Each structure stands twice: as structure tokens, then as C-alpha cells.
Number of protein chains: 4
Amino acid sequence: MEPSKDTDPAQRILEAADALFARQGYDGVSVRDVARAAGVNKASVFYYYNTKEKLFERVMTRYYEAHRRALQDAFAVEGSIHERLHHLVDGYLDFIVANDRYPRLVQGLLLSGSSELPLVSRGIGTLFEWTKTSLADVAPETGPKSTRQIFVTVAGAVMNYLVYAPALASSWGDDPLAPASFEERRAHLHWVVDLMLADLDASAPTG
Amino acid sequence: MEPSKDTDPAQRILEAADALFARQGYDGVSVRDVARAAGVNKASVFYYYNTKEKLFERVMTRYYEAHRRALQDAFAVEGSIHERLHHLVDGYLDFIVANDRYPRLVQGLLLSGSSELPLVSRGIGTLFEWTKTSLADVAPETGPKSTRQIFVTVAGAVMNYLVYAPALASSWGDDPLAPASFEERRAHLHWVVDLMLADLDASAPTG
Amino acid sequence: MEPSKDTDPAQRILEAADALFARQGYDGVSVRDVARAAGVNKASVFYYYNTKEKLFERVMTRYYEAHRRALQDAFAVEGSIHERLHHLVDGYLDFIVANDRYPRLVQGLLLSGSSELPLVSRGIGTLFEWTKTSLADVAPETGPKSTRQIFVTVAGAVMNYLVYAPALASSWGDDPLAPASFEERRAHLHWVVDLMLADLDASAPTG
Amino acid sequence: MEPSKDTDPAQRILEAADALFARQGYDGVSVRDVARAAGVNKASVFYYYNTKEKLFERVMTRYYEAHRRALQDAFAVEGSIHERLHHLVDGYLDFIVANDRYPRLVQGLLLSGSSELPLVSRGIGTLFEWTKTSLADVAPETGPKSTRQIFVTVAGAVMNYLVYAPALASSWGDDPLAPASFEERRAHLHWVVDLMLADLDASAPTG
DNA sequence: GATGAATGAGTATTCATTCAT
DNA sequence: TATGAATGAATACTCATTCAT
């Protein structure tokens with residue numbers, strides 16, 4: 001947990017900021033906290049990142065990049081709609097598992113009314129567009145079974161799991177953050193997606 | 001939105017705090033902000049609520065109360081499992097629509113690592129227990145189709161809609177906060193719940 | 001320790017203020033503290049005593065009165081110089097024992113550079129004059145054996161005992177505030193006074 | 001008295017705090033006062049000393065150190081009991097004269113019921129132990145002529161002189177803080193100590 | 001006679017940020 | 001490249017006091 005003194009200070013600062021922002025939110029973290037956690041002087045944080053806000057942006061930008069790449073890869077796979085959607089969900093979930101601070105950071109942003117909100121919106125928008133493309137022939141544009149409703153449900157089901165986990169831990173049984181729980185979650189999401197797709201196929205066999 | 005000078009100042013403070021905490025989060029709001037928004041002296045906030053934290057607790061307690069009542073009523077309805085679950089989802093959604101700041105407040109709490117977390121956990125836990133009772137004969141305790149997975153998905157689908165709304169607005173088409181959108185959302189949730197219940201019935205025809 | 005609700009509120013306030021000022025000093029006590037300890041509304045303190053400062057003055061005035069009376073009585077006794085001085089010391093000590101908050105209050109005043117200082121000075125001055133009268137034929141006006149030096153030593157020896165007591169308790173053995181300790185102190189003071197008087201008699205047998 | 005702008009700010013702050021705390025007591029001094037008196041920004045006080053309390057502790061610690069050294073030196077001197085006690089009194093008095101704020105600071109502490117009280121107690125306790133050692137063969141452990149009674153009288157006679165001085169000034173004649181007055185005081189204390197020792201020798205001729 | 005409500009001025013402390021070195 | 005020193009503005013909170021009732 002101690003910052004290894006021999007790595008790039010800029011990197012150490014970024015990593016410390018990442019962890020702290022995810023745990024306590026933007027307002028809950030002071031530059032002093034970050035500096036201490038990174039094992040550098042407070043002024044160094046400003047030396048490398050100019051302002052607290054820009055530091056936060058850098059933390060987020062890394063994730064946006066990784067997020068975009070992960071979903072692009074997942075989307076690029078060939079196959080049936082079922083297969084492609086499963087891939088998308090899996091890719092999303094894998095990304096979240098590998099970057100488990102991301103959901104908390106994004107939600108924090110969503111709640112703060114920050115000026116960064118457009119960036120998040122754009123990220124979500126892109127994902128939404130891909131989903132729309134995937135489901136174009138299957139789901140309607142509006143209505144209870146519309147892509148947009150499905151999207152919110154599934155995206156929320158992926159993201160929210162991580163945010164709710166601490167509050168669920170007590171009534172949950174197993175640790176919701178243990179690998180086994182993640183696999184159960186993945187299977188659950190596949191089940192839900194399959195149910196929706198099957199019903200869409202059945203009710204609109206025209207596509 | 002301007003505070004009507006002739007209503008109870010304690011109430012005006014509470015309402016202002018409610019709005020501000022929901023919009024900017026606990027750390028993002030200063031007592032000065034609250035006082036200004038309520039049109040009272042800063043010291044008056046302390047006169048009525050002693051500390052910022054207690055003020056926040058009062059804001060939350062009101063919601064917890066209302067939340068509990070809403071769900072209790074929804075749960076008390078007789079009928080088949082389908083009907084009862086629909087009622088539960090409807091009650092939840094109605095509550096959220098009527099108290100549209102609540103999801104943001106709760107999420108803010110979940111993200112801040114605040115000391116109030118246990119209170120939220122308890123609230124979520126209660127709701128989880130009711131869901132478990134409702135689904136006792138239908139869904140297993142663990143696995144992809146378990147009550148706990150269904151619970152996270154459905155509860156998240158209800159709560160998150162409000163949190164994501166601002167980020168979705170641009171790629172959404174209609175305003176996600178318009179009454180019509182809420183009804184579409186409600187129908188969607190019913191659809192999803194029905195799909196899951198139907199599949200559970202089919203795969204475990206014991207009920 | 002609870003204030004008996006049926007006594008005069010003005011009295012209850014005065015008593016509470018007395019105890020608190022003695023324990024925590026003027027600045028260490030808030031009007032809220034006094035009101036709470038007296039079991040009255042904060043505004044009542046102002047109703048009866050106008051300001052915190054005037055309340056403090058009232059607390060002190062009571063003591064000045066009692067102090068003056070006690071010493072006057074002690075001084076009025078006929079007899080030899082030895083006897084009169086013993087009486088003075090005894091009267092002083094009795095007064096202190098009966099009003100054990102007084103030394104702390106006076107010292108607090110002395111240290112605060114308060115505007116009440118002249119009042120204290122006057123009280124001490126009176127006592128000094130009496131002592132001077134008593135010793136007029138025995139002790140010189142200046143020098144190591146002067147009345148003024150004797151006065152400071154003896155007065156300080158009486159007053160300070162109460163102020164140092166809490167700090168002494170640990171290395172003392174017995175409780176310095178127990179009655180037996182007070183009697184030991186009294187005997188000690190008599191011893192010291194007698195030693196000084198005897199020496200004065202011996203060295204200046206002219207009086 | 002004006003802070004010379006070119007000396008170490010930390011030192012200037014300490015010196016200003018020292019003077020102010022001695023004059024007005026801990027509660028009577030605000031950090032703003034200290035900063036202004038030291039000619040630095042208010043935040044600088046916290047930069048150097050973290051909290052008002054720690055600043056105060058630093059002020060006191062310096063004195064404790066000096067106090068301890070002064071008395072240790074005074075005690076280390078060889079000679080008869082008379083000589084050693086004279087040295088102790090002289091050392092104490094010299095220290096007080098050189099550090100004339102110390103008595104007021106200590107008394108302020110004694111009167112505030114502060115949490116630092118144990119530190120003062122320890123300081124006084126050490127001095128008491130030395131006195132006990134010095135008088136072991138001469139004075140009893142309890143009773144009117146006991147070391148503990150002598151200690152309180154003499155220590156109080158030294159310390160209190162400085163605290164009473166302002167209140168005495170008017171009825172005193174000369175300025176009690178003038179060097180000549182201090183020498184008169186010193187001689188007086190020697191006289192008193194000698195009287196007590198002589199009497200102890202006479203009544204218990206074992207030494 | 002007594003008090004609930006209200007407040008302006010003040011408290012200690014934290015913060016993001018700048019800058020000389 | 002890195003940092004110790006310094007600060008203006010803000011923070012939560014307390015206080016003695018006033019006043020309408």
C-alpha cells in the first residue's frame with residue numbers, strides 16, 4: 001500500500017488520486033491527501049497537474065480511453081445478435097471488473113453536476129449508439145421494449161452492481177466483490193439479455 | 001423556487017438543503033449555501049439543526065420514512081406473485097418519481113463512504129428481504145436467476161434511471177424526465193420482471 | 001448537583017455562574033453553559049444580569065462583601081500582636097475554606113488583565129492596610145522583613161494553597177482539600193507567622 | 001515590541017504567542033491576535049504549529065525545559081542544607097525574574113482546568129521531590145512543619161509575587177517589578193527559609 | 001417574568017494555489 | 001525537477017446579545 005518510491009512521481013500521484021477520488025469523491029479528497037498518499041510534496045501535485053480539477057480529468061481520461069477500446073473490441077466481434085450482445089455485456093463487465101474504480105468515479109461525476117458531465121455523456125452516448133446499431137433490426141426505437149430502455153437497464157445493471165456492493169455486503173451472503181460473485185452476475189446478465197432478445201424475436205418476427 | 005418568506009424557516013432550510021444536497025452532494029454544499037437558498041441567516045441553520053451533518057440526516061430521514069411507507073403499502077397488496085411484484089415495482093417507481101431527489105441523495109451517500117452508509121444499507125436490506133419473501137417459492141437463493149441478482153438488477157433499473165437521466169438527455173430523443181418517459185420506463189420494467197418470472201415458472205414448475 | 005427548580009432563578013443562575021467561572025475561568029464559560037447549569041433559558045441570564053460581564057461582577061461582589069466582613073471581624077479582636085495576627089490568618093483561612101472558589105476566581109481576574117482589576121486591587125489593598133496597622137510597631141516599612149514582604153508571603157500562602165491543590169494532589173499523599181489537610185495548613189501558617197514575629201521581636205526589641 | 005520583519009517567522013510567532021498567552025490567558029487570545037502580533041498571515045500560524053493548542057504547548061515546553069535546567073543546576077550545588085536551599089530559592093527566583101511570563105502562564109493553566117494540567121503537575125512534582133530530598137533529614141513528612149507545607153509556602157511565595165505584582169503596585173510604594181524590589185524579595189525569602197530551618201534544627205537536633 | 005427566535009461578529013481550522021529557490 | 005514557505009478565501013461552528021411576544 002506504501003507508494004514505491006522508485007516509480008515515476010507523476011504516475012504515483014495519478015494512481016493515488018485515482019484511488020482516493022474513487023473512494024471519497026472529488027470533494028472528499030484534498031490535494032494534501034493525494035500528495036501524502038503518493039509520497040510526494042503537495043506542491044509537486046501542482047507541478048505535474050496544475051490544478052486539482054485537471055488532475056481529476058487526467059484520472060478520468062485514462063478510463064475513457066480504456067473504456068472506449070474495451071467496448072470497441074467487444075463490438076468488433078462477428079456473429080449473431082445474441083452473440084454480439086453477449087460480447088458487449090461481457091466486454092463491459094470485464095472492463096468494470098478490471099477497472100473497479102471506474103463506476104464510482106463516473107457516478108460521482110454524474111452526481112456532482114460537474115463541468116465534466118458532457119464528457120461522460122459522450123462516452124455513454126457512444127455506447128448507446130453501438131447498442132442501437134446492434135439491435136436495429138430487433139428492437140423498436142421507442143416503447144417499453146425499445147433499445148433505449150434496454151440500454152439503460154443493462155448498462156445500469158452492469159455499472160450499479162459495483163456502486164451498490166458495499167451497501168449490499170451485509171444482506172448478500174457472499175462477498176459481492178469476490179470473483180465467484182462476478183461470474184454469477186455475468187451469468188445473470190446473459191440470462192436477462194437473452195430473455196429480452198427472445199421475447200423481441202417472438203413478438204416481432206419480421207426483422 | 002425562491003423561498004417564500006412567510007413559511008416556517010426550519011422548513012425552508014430543510015427544503016433548501018434537500019435541493020442542494022441532491023444537486024451537489026454533501027461535500028459540495030456549504031451551510032452558507034443552504035442559508036442563502038433558504039433566505040435565512042447562516043447561524044439560523046445551526047439554531048434549528050445544530051450541525052450540517054444533522055441537517056443532512058434530517059433530509060434523509062424524511063425520505064427513509066416515506067420510502068418505507070411507500071414500499072410497505074405496495075407490498076401489502078394481495079394477489080399473485082406477478083401482481084405483487086408489479087405493485088412493488090410500481091410503488092418503487094411512484095416513490096422515485098414523487099421524490100426525484102432521493103436517488104441522487106442515496107447514491108451520493110453510497111459514493112462518499114459516509115458514516116451514514118449503514119442507514120442506507122439497512123433501507124436497502126429491508127427492501128431486499130421483502131423481495132426475497134415475495135420470490136421465495138419461485139427463485140433460488142443463489143445463481144444467475146437468484147433473488148439477489150434479480151433484486152440488484154430491478155432496483156438498479158429503477159433508481160439509476162434518475163441518476164443517468166441528465167447524461168442521457170442528449171442521446172435519448174425525448175426528455176427522460178417527462179411523464180410520458182416515466183410511463184414508458186414503467187412498462188419496460190414490467191416487461192422485464194414478467195420475462196424473468198415467466199422463465200422462472202417454466203424452469204421450476206413447482207410453484 | 002441538579003439545580004432545584006423551586007429556588008429563585010436569579011439565585012440559581014448566580015450559583016451556577018459562580019461554580020463555572022471558578023472551575024473554567026471567565027473565557028472558558030459561555031452564557032449557554034451557565035443557563036444550562038442553572039436550568040433556565042439562556043435569555044433569562046440576560047434578563048436578570050444584562051451581560052455576561054455584569055453577571056461575573058455580581059459573582060465577585062458577593063465574595064468581596066463576605067471577604068471584607070470576615071477580615072473585619074477577625075481584625076476587630078483584641079489581644080497581643082501575636083493573637084491578632086493569628087486571628088487574621090485564621091479568619092482569612094476560614095473564609096477561604098468556606099468560599100473555596102474565591103481564590104481561583106480572584107487569581108483568574110489577576111491573570112486576565114480584566115477591567116475589574118482595580119476592584120481586586122482595592123480589596124487586597126485594604127487587607128494590606130490592616131496588616132500594616134497590626135505590624136506597625138514590629139516590622140519596618142521596607143526591607144526583607146518589611147510588612148509588605150510578610151504580607152505577600154502570608155497572603156500568597158493562604159490563597160495559593162487552593163489554586164495549587166489540583167496540581168499537588170498526585171505528589172501530596174493525602175487530599176490537600178480534605179479538612180485534616182486544611183488544619184495542617186492552618187498550623188503551618190501559624191508556625192510561619194510566629195517565627196517571623198519572634199525574629200522581629202528579637203532583632204528590634206524597641207517597639 | 002514590534003516584530004522585526006527579518007527574523008524567523010516561526011520564532012516571531014512563538015514569541016508573540018508567549019507574550020499574549022501570558023498577558024491574556026489561552027482562551028483570551030485568538031490565533032488572529034497571535035498572527036497580527038507576529039506580523040504574519042493567520043494561516044502561517046497553522047503552517048508552523050498546526051493548532052492553537054500545539055502552539056501553546058510549544059510555548060510551555062520551552063519554559064519547562066529552561067525551568068528544569070535552572071533548578072537542576074541550583075540543586076547540584078554542594079554545601080549545607082542551608083546553602084543548598086538558598087541556592088534552590090535563588091535559582092527559582094532567578095528563573096522567574098528571567099522568565100517573568102512563566103508564572104502567569106502556569107497559573108493560567110492551573111486555573112483553566114486545561115488538559116495540560118498533568119504536565120504542570122509533573123513539573124511541580126519534580127521540584128517537590130528535590131525539596132523532599134534536601135529536607136529529608138530535617139523536616140518531617142507530615143504535620144505543620146512538614147516538607148510539603150514548607151514547599152507550598154516557599155514555592156507559592158516565589159511564583160505568586162509576579163502574579164500579585166500588578167494588583168499590589170498601587171499600595172506597595174516602589175514598583176514591585178523593579179530590580180531593587182526583586183532583591184528585597186530575595187532577601188525576604190532567605191530570611192523566611194532560614195527561620196524555618198533554624199526552628200527545625202532546634203526542635204529536632206538529630207541532623 | 002420569561003423565552004424562542006434570530007443574528008452579526010468572531011472562532012479555529014482547511015484548502016487550493018502561488019512562488020522563490 | 002521539486003519543494004518549503006506563504007496566503008486569501010472559504011469552512012463548520014460558537015458566541016453574546018437583542019427583541020417580539
# chains A, B, ... in the order shown; residues from 1 in each chain; ligands from 1

$ calpha_fit_rmsd --fixed "chain A" --moving "chain B"
0.3 Å

$ interface_residues --of "chain F" --to "chain A" --cutoff "10 Å" --atoms "only C-alpha atoms (C1' of nucleotides)" --output "compact mmCIF listing (two decimals) with N, CA and C atoms (P, O5', C5', C4', C3', O3' and C1' of nucleotides), in the first residue's frame"
# COMPACT_ATOMS: atom_id res chain seq x y z
P DT F 1 11.06 18.22 -15.78
O5' DT F 1 12.22 18.10 -14.70
C5' DT F 1 12.75 16.85 -14.32
C4' DT F 1 12.99 16.87 -12.83
C3' DT F 1 11.71 16.64 -12.01
O3' DT F 1 12.05 15.66 -11.03
C1' DT F 1 12.79 18.61 -11.26
P DA F 2 11.03 15.02 -10.12
O5' DA F 2 10.92 16.15 -8.99
C5' DA F 2 12.08 16.32 -8.15
C4' DA F 2 11.83 17.38 -7.13
C3' DA F 2 10.55 17.25 -6.31
O3' DA F 2 10.98 16.93 -5.00
C1' DA F 2 11.00 19.51 -6.92
P DT F 3 9.92 16.65 -3.88
O5' DT F 3 9.89 18.07 -3.15
C5' DT F 3 11.11 18.57 -2.61
C4' DT F 3 10.86 19.94 -2.02
C3' DT F 3 9.59 20.04 -1.16
O3' DT F 3 9.92 20.74 0.02
C1' DT F 3 9.67 21.80 -2.68
P DG F 4 9.93 20.02 1.41
O5' DG F 4 10.06 21.30 2.35
C5' DG F 4 11.28 22.03 2.33
C4' DG F 4 11.02 23.50 2.59
C3' DG F 4 10.06 23.79 3.74
O3' DG F 4 10.60 24.89 4.49
C1' DG F 4 9.23 24.78 1.74

$ interface_residues --of "chain E" --to "chain C" --cutoff "12 Å" --atoms "only C-alpha atoms (C1' of nucleotides)" --output "PDB file with N, CA and C atoms (P, O5', C5', C4', C3', O3' and C1' of nucleotides), in the first residue's frame"
ATOM      1  P    DG E   1     -40.376  41.132  37.055  1.00  0.00           P
ATOM      2  O5'  DG E   1     -41.358  39.896  36.705  1.00  0.00           O
ATOM      3  C5'  DG E   1     -41.627  38.822  37.609  1.00  0.00           C
ATOM      4  C4'  DG E   1     -41.676  37.518  36.841  1.00  0.00           C
ATOM      5  C3'  DG E   1     -40.300  36.925  36.546  1.00  0.00           C
ATOM      6  O3'  DG E   1     -40.424  35.503  36.628  1.00  0.00           O
ATOM      7  C1'  DG E   1     -41.378  37.405  34.499  1.00  0.00           C
ATOM      8  P    DA E   2     -39.283  34.493  36.419  1.00  0.00           P
ATOM      9  O5'  DA E   2     -39.292  34.298  34.844  1.00  0.00           O
ATOM     10  C5'  DA E   2     -40.411  33.588  34.292  1.00  0.00           C
ATOM     11  C4'  DA E   2     -40.221  33.380  32.823  1.00  0.00           C
ATOM     12  C3'  DA E   2     -38.870  32.812  32.398  1.00  0.00           C
ATOM     13  O3'  DA E   2     -39.165  31.526  31.871  1.00  0.00           O
ATOM     14  C1'  DA E   2     -39.601  34.556  30.951  1.00  0.00           C
ATOM     15  P    DT E   3     -37.971  30.611  31.331  1.00  0.00           P
ATOM     16  O5'  DT E   3     -38.102  30.899  29.764  1.00  0.00           O
ATOM     17  C5'  DT E   3     -39.334  30.604  29.122  1.00  0.00           C
ATOM     18  C4'  DT E   3     -39.249  30.986  27.669  1.00  0.00           C
ATOM     19  C3'  DT E   3     -37.971  30.504  26.981  1.00  0.00           C
ATOM     20  O3'  DT E   3     -38.334  29.941  25.747  1.00  0.00           O
ATOM     21  C1'  DT E   3     -38.325  32.752  26.495  1.00  0.00           C
ATOM     22  P    DG E   4     -38.103  28.429  25.450  1.00  0.00           P
ATOM     23  O5'  DG E   4     -38.336  28.437  23.871  1.00  0.00           O
ATOM     24  C5'  DG E   4     -39.636  28.761  23.386  1.00  0.00           C
ATOM     25  C4'  DG E   4     -39.541  29.449  22.034  1.00  0.00           C
ATOM     26  C3'  DG E   4     -38.559  28.813  21.057  1.00  0.00           C
ATOM     27  O3'  DG E   4     -39.186  28.819  19.768  1.00  0.00           O
ATOM     28  C1'  DG E   4     -37.945  31.084  21.426  1.00  0.00           C
ATOM     29  P    DA E   5     -38.387  28.376  18.490  1.00  0.00           P
ATOM     30  O5'  DA E   5     -37.909  29.765  17.881  1.00  0.00           O
ATOM     31  C5'  DA E   5     -38.891  30.767  17.634  1.00  0.00           C
ATOM     32  C4'  DA E   5     -38.237  31.997  17.037  1.00  0.00           C
ATOM     33  C3'  DA E   5     -37.263  31.686  15.899  1.00  0.00           C
ATOM     34  O3'  DA E   5     -37.539  32.593  14.857  1.00  0.00           O
ATOM     35  C1'  DA E   5     -36.181  33.007  17.536  1.00  0.00           C
TER      36       DA E   5
END

$ residues_around --residues "range 7-18 of chain E" --least-positions-apart "3" --cutoff "12 Å" --atoms "only C-alpha atoms (C1' of nucleotides)" --output "JSON, numbers by chain"
{"A": [27, 28, 29, 30, 31, 32, 33, 42, 43, 44, 45, 46, 47, 50, 51, 52, 53], "B": [40, 41, 42, 43, 44, 45, 46, 47], "D": [27, 28, 29, 30, 31, 32, 33, 42, 43, 44, 45, 46, 47, 49, 50, 51, 52, 53], "F": [5, 6, 7, 8, 9, 10, 11, 12, 13, 14, 15, 16, 17, 18, 19]}

$ residues_around --residues "Gly91 in chain D" --least-positions-apart "5" --cutoff "8 Å" --atoms "only C-alpha atoms (C1' of nucleotides)" --output "list of chain:residue names"
D:Ala70, D:Leu71, D:Asp73, D:Ala74

$ write_last_selection --atoms "N, CA and C atoms" --output "JSON list (two decimals), in the first residue's frame"
[["chain", "number", "residue", "atom", "x", "y", "z"],
["D", 70, "ALA", "N", 17.32, 25.05, 35.08],
["D", 70, "ALA", "CA", 17.67, 26.04, 36.11],
["D", 70, "ALA", "C", 17.69, 25.40, 37.49],
["D", 71, "LEU", "N", 16.66, 24.62, 37.77],
["D", 71, "LEU", "CA", 16.56, 24.04, 39.11],
["D", 71, "LEU", "C", 17.56, 22.92, 39.32],
["D", 73, "ASP", "N", 20.51, 22.74, 38.02],
["D", 73, "ASP", "CA", 21.78, 23.40, 38.30],
["D", 73, "ASP", "C", 21.82, 23.88, 39.76],
["D", 74, "ALA", "N", 20.72, 24.53, 40.15],
["D", 74, "ALA", "CA", 20.68, 25.08, 41.50],
["D", 74, "ALA", "C", 20.79, 23.97, 42.54]]

$ interface_residues --of "chain D" --to "chain C" --cutoff "6 Å" --atoms "only C-alpha atoms" --output "MDAnalysis selection string"
chainID D and resid 24 27 112:113 121 125 143:144 153 157 167 171 184 187:188

$ atom_distance --atom1 "CA of Tyr102 in chain A" --atom2 "CA of Tyr64 in chain A"
9.2 Å

$ residues_around --residues "range 80-83 of chain D" --least-positions-apart "4" --cutoff "8 Å" --atoms "only C-alpha atoms (C1' of nucleotides)" --output "MDAnalysis selection string"
chainID D and resid 87 134:135 194 197

$ write_last_selection --atoms "N, CA, C and O atoms" --output "PDB file, in the first residue's frame"
ATOM      1  N   HIS D  87      20.301  28.183  47.518  1.00  0.00           N
ATOM      2  CA  HIS D  87      20.585  28.068  46.090  1.00  0.00           C
ATOM      3  C   HIS D  87      19.317  27.738  45.306  1.00  0.00           C
ATOM      4  O   HIS D  87      19.059  28.277  44.231  1.00  0.00           O
ATOM      5  N   SER D 134      16.190  17.240  49.776  1.00  0.00           N
ATOM      6  CA  SER D 134      17.008  18.221  50.501  1.00  0.00           C
ATOM      7  C   SER D 134      16.694  18.245  51.978  1.00  0.00           C
ATOM      8  O   SER D 134      17.584  18.399  52.826  1.00  0.00           O
ATOM      9  N   LEU D 135      15.412  18.134  52.303  1.00  0.00           N
ATOM     10  CA  LEU D 135      14.990  18.315  53.680  1.00  0.00           C
ATOM     11  C   LEU D 135      14.795  16.998  54.430  1.00  0.00           C
ATOM     12  O   LEU D 135      14.344  16.992  55.592  1.00  0.00           O
ATOM     13  N   ASP D 194      15.452  30.573  56.294  1.00  0.00           N
ATOM     14  CA  ASP D 194      16.372  30.414  57.430  1.00  0.00           C
ATOM     15  C   ASP D 194      15.630  30.244  58.748  1.00  0.00           C
ATOM     16  O   ASP D 194      16.016  29.424  59.582  1.00  0.00           O
ATOM     17  N   LEU D 197      14.311  26.708  58.860  1.00  0.00           N
ATOM     18  CA  LEU D 197      15.383  25.737  59.065  1.00  0.00           C
ATOM     19  C   LEU D 197      15.916  25.797  60.497  1.00  0.00           C
ATOM     20  O   LEU D 197      16.147  24.761  61.120  1.00  0.00           O
TER      21      LEU D 197
END
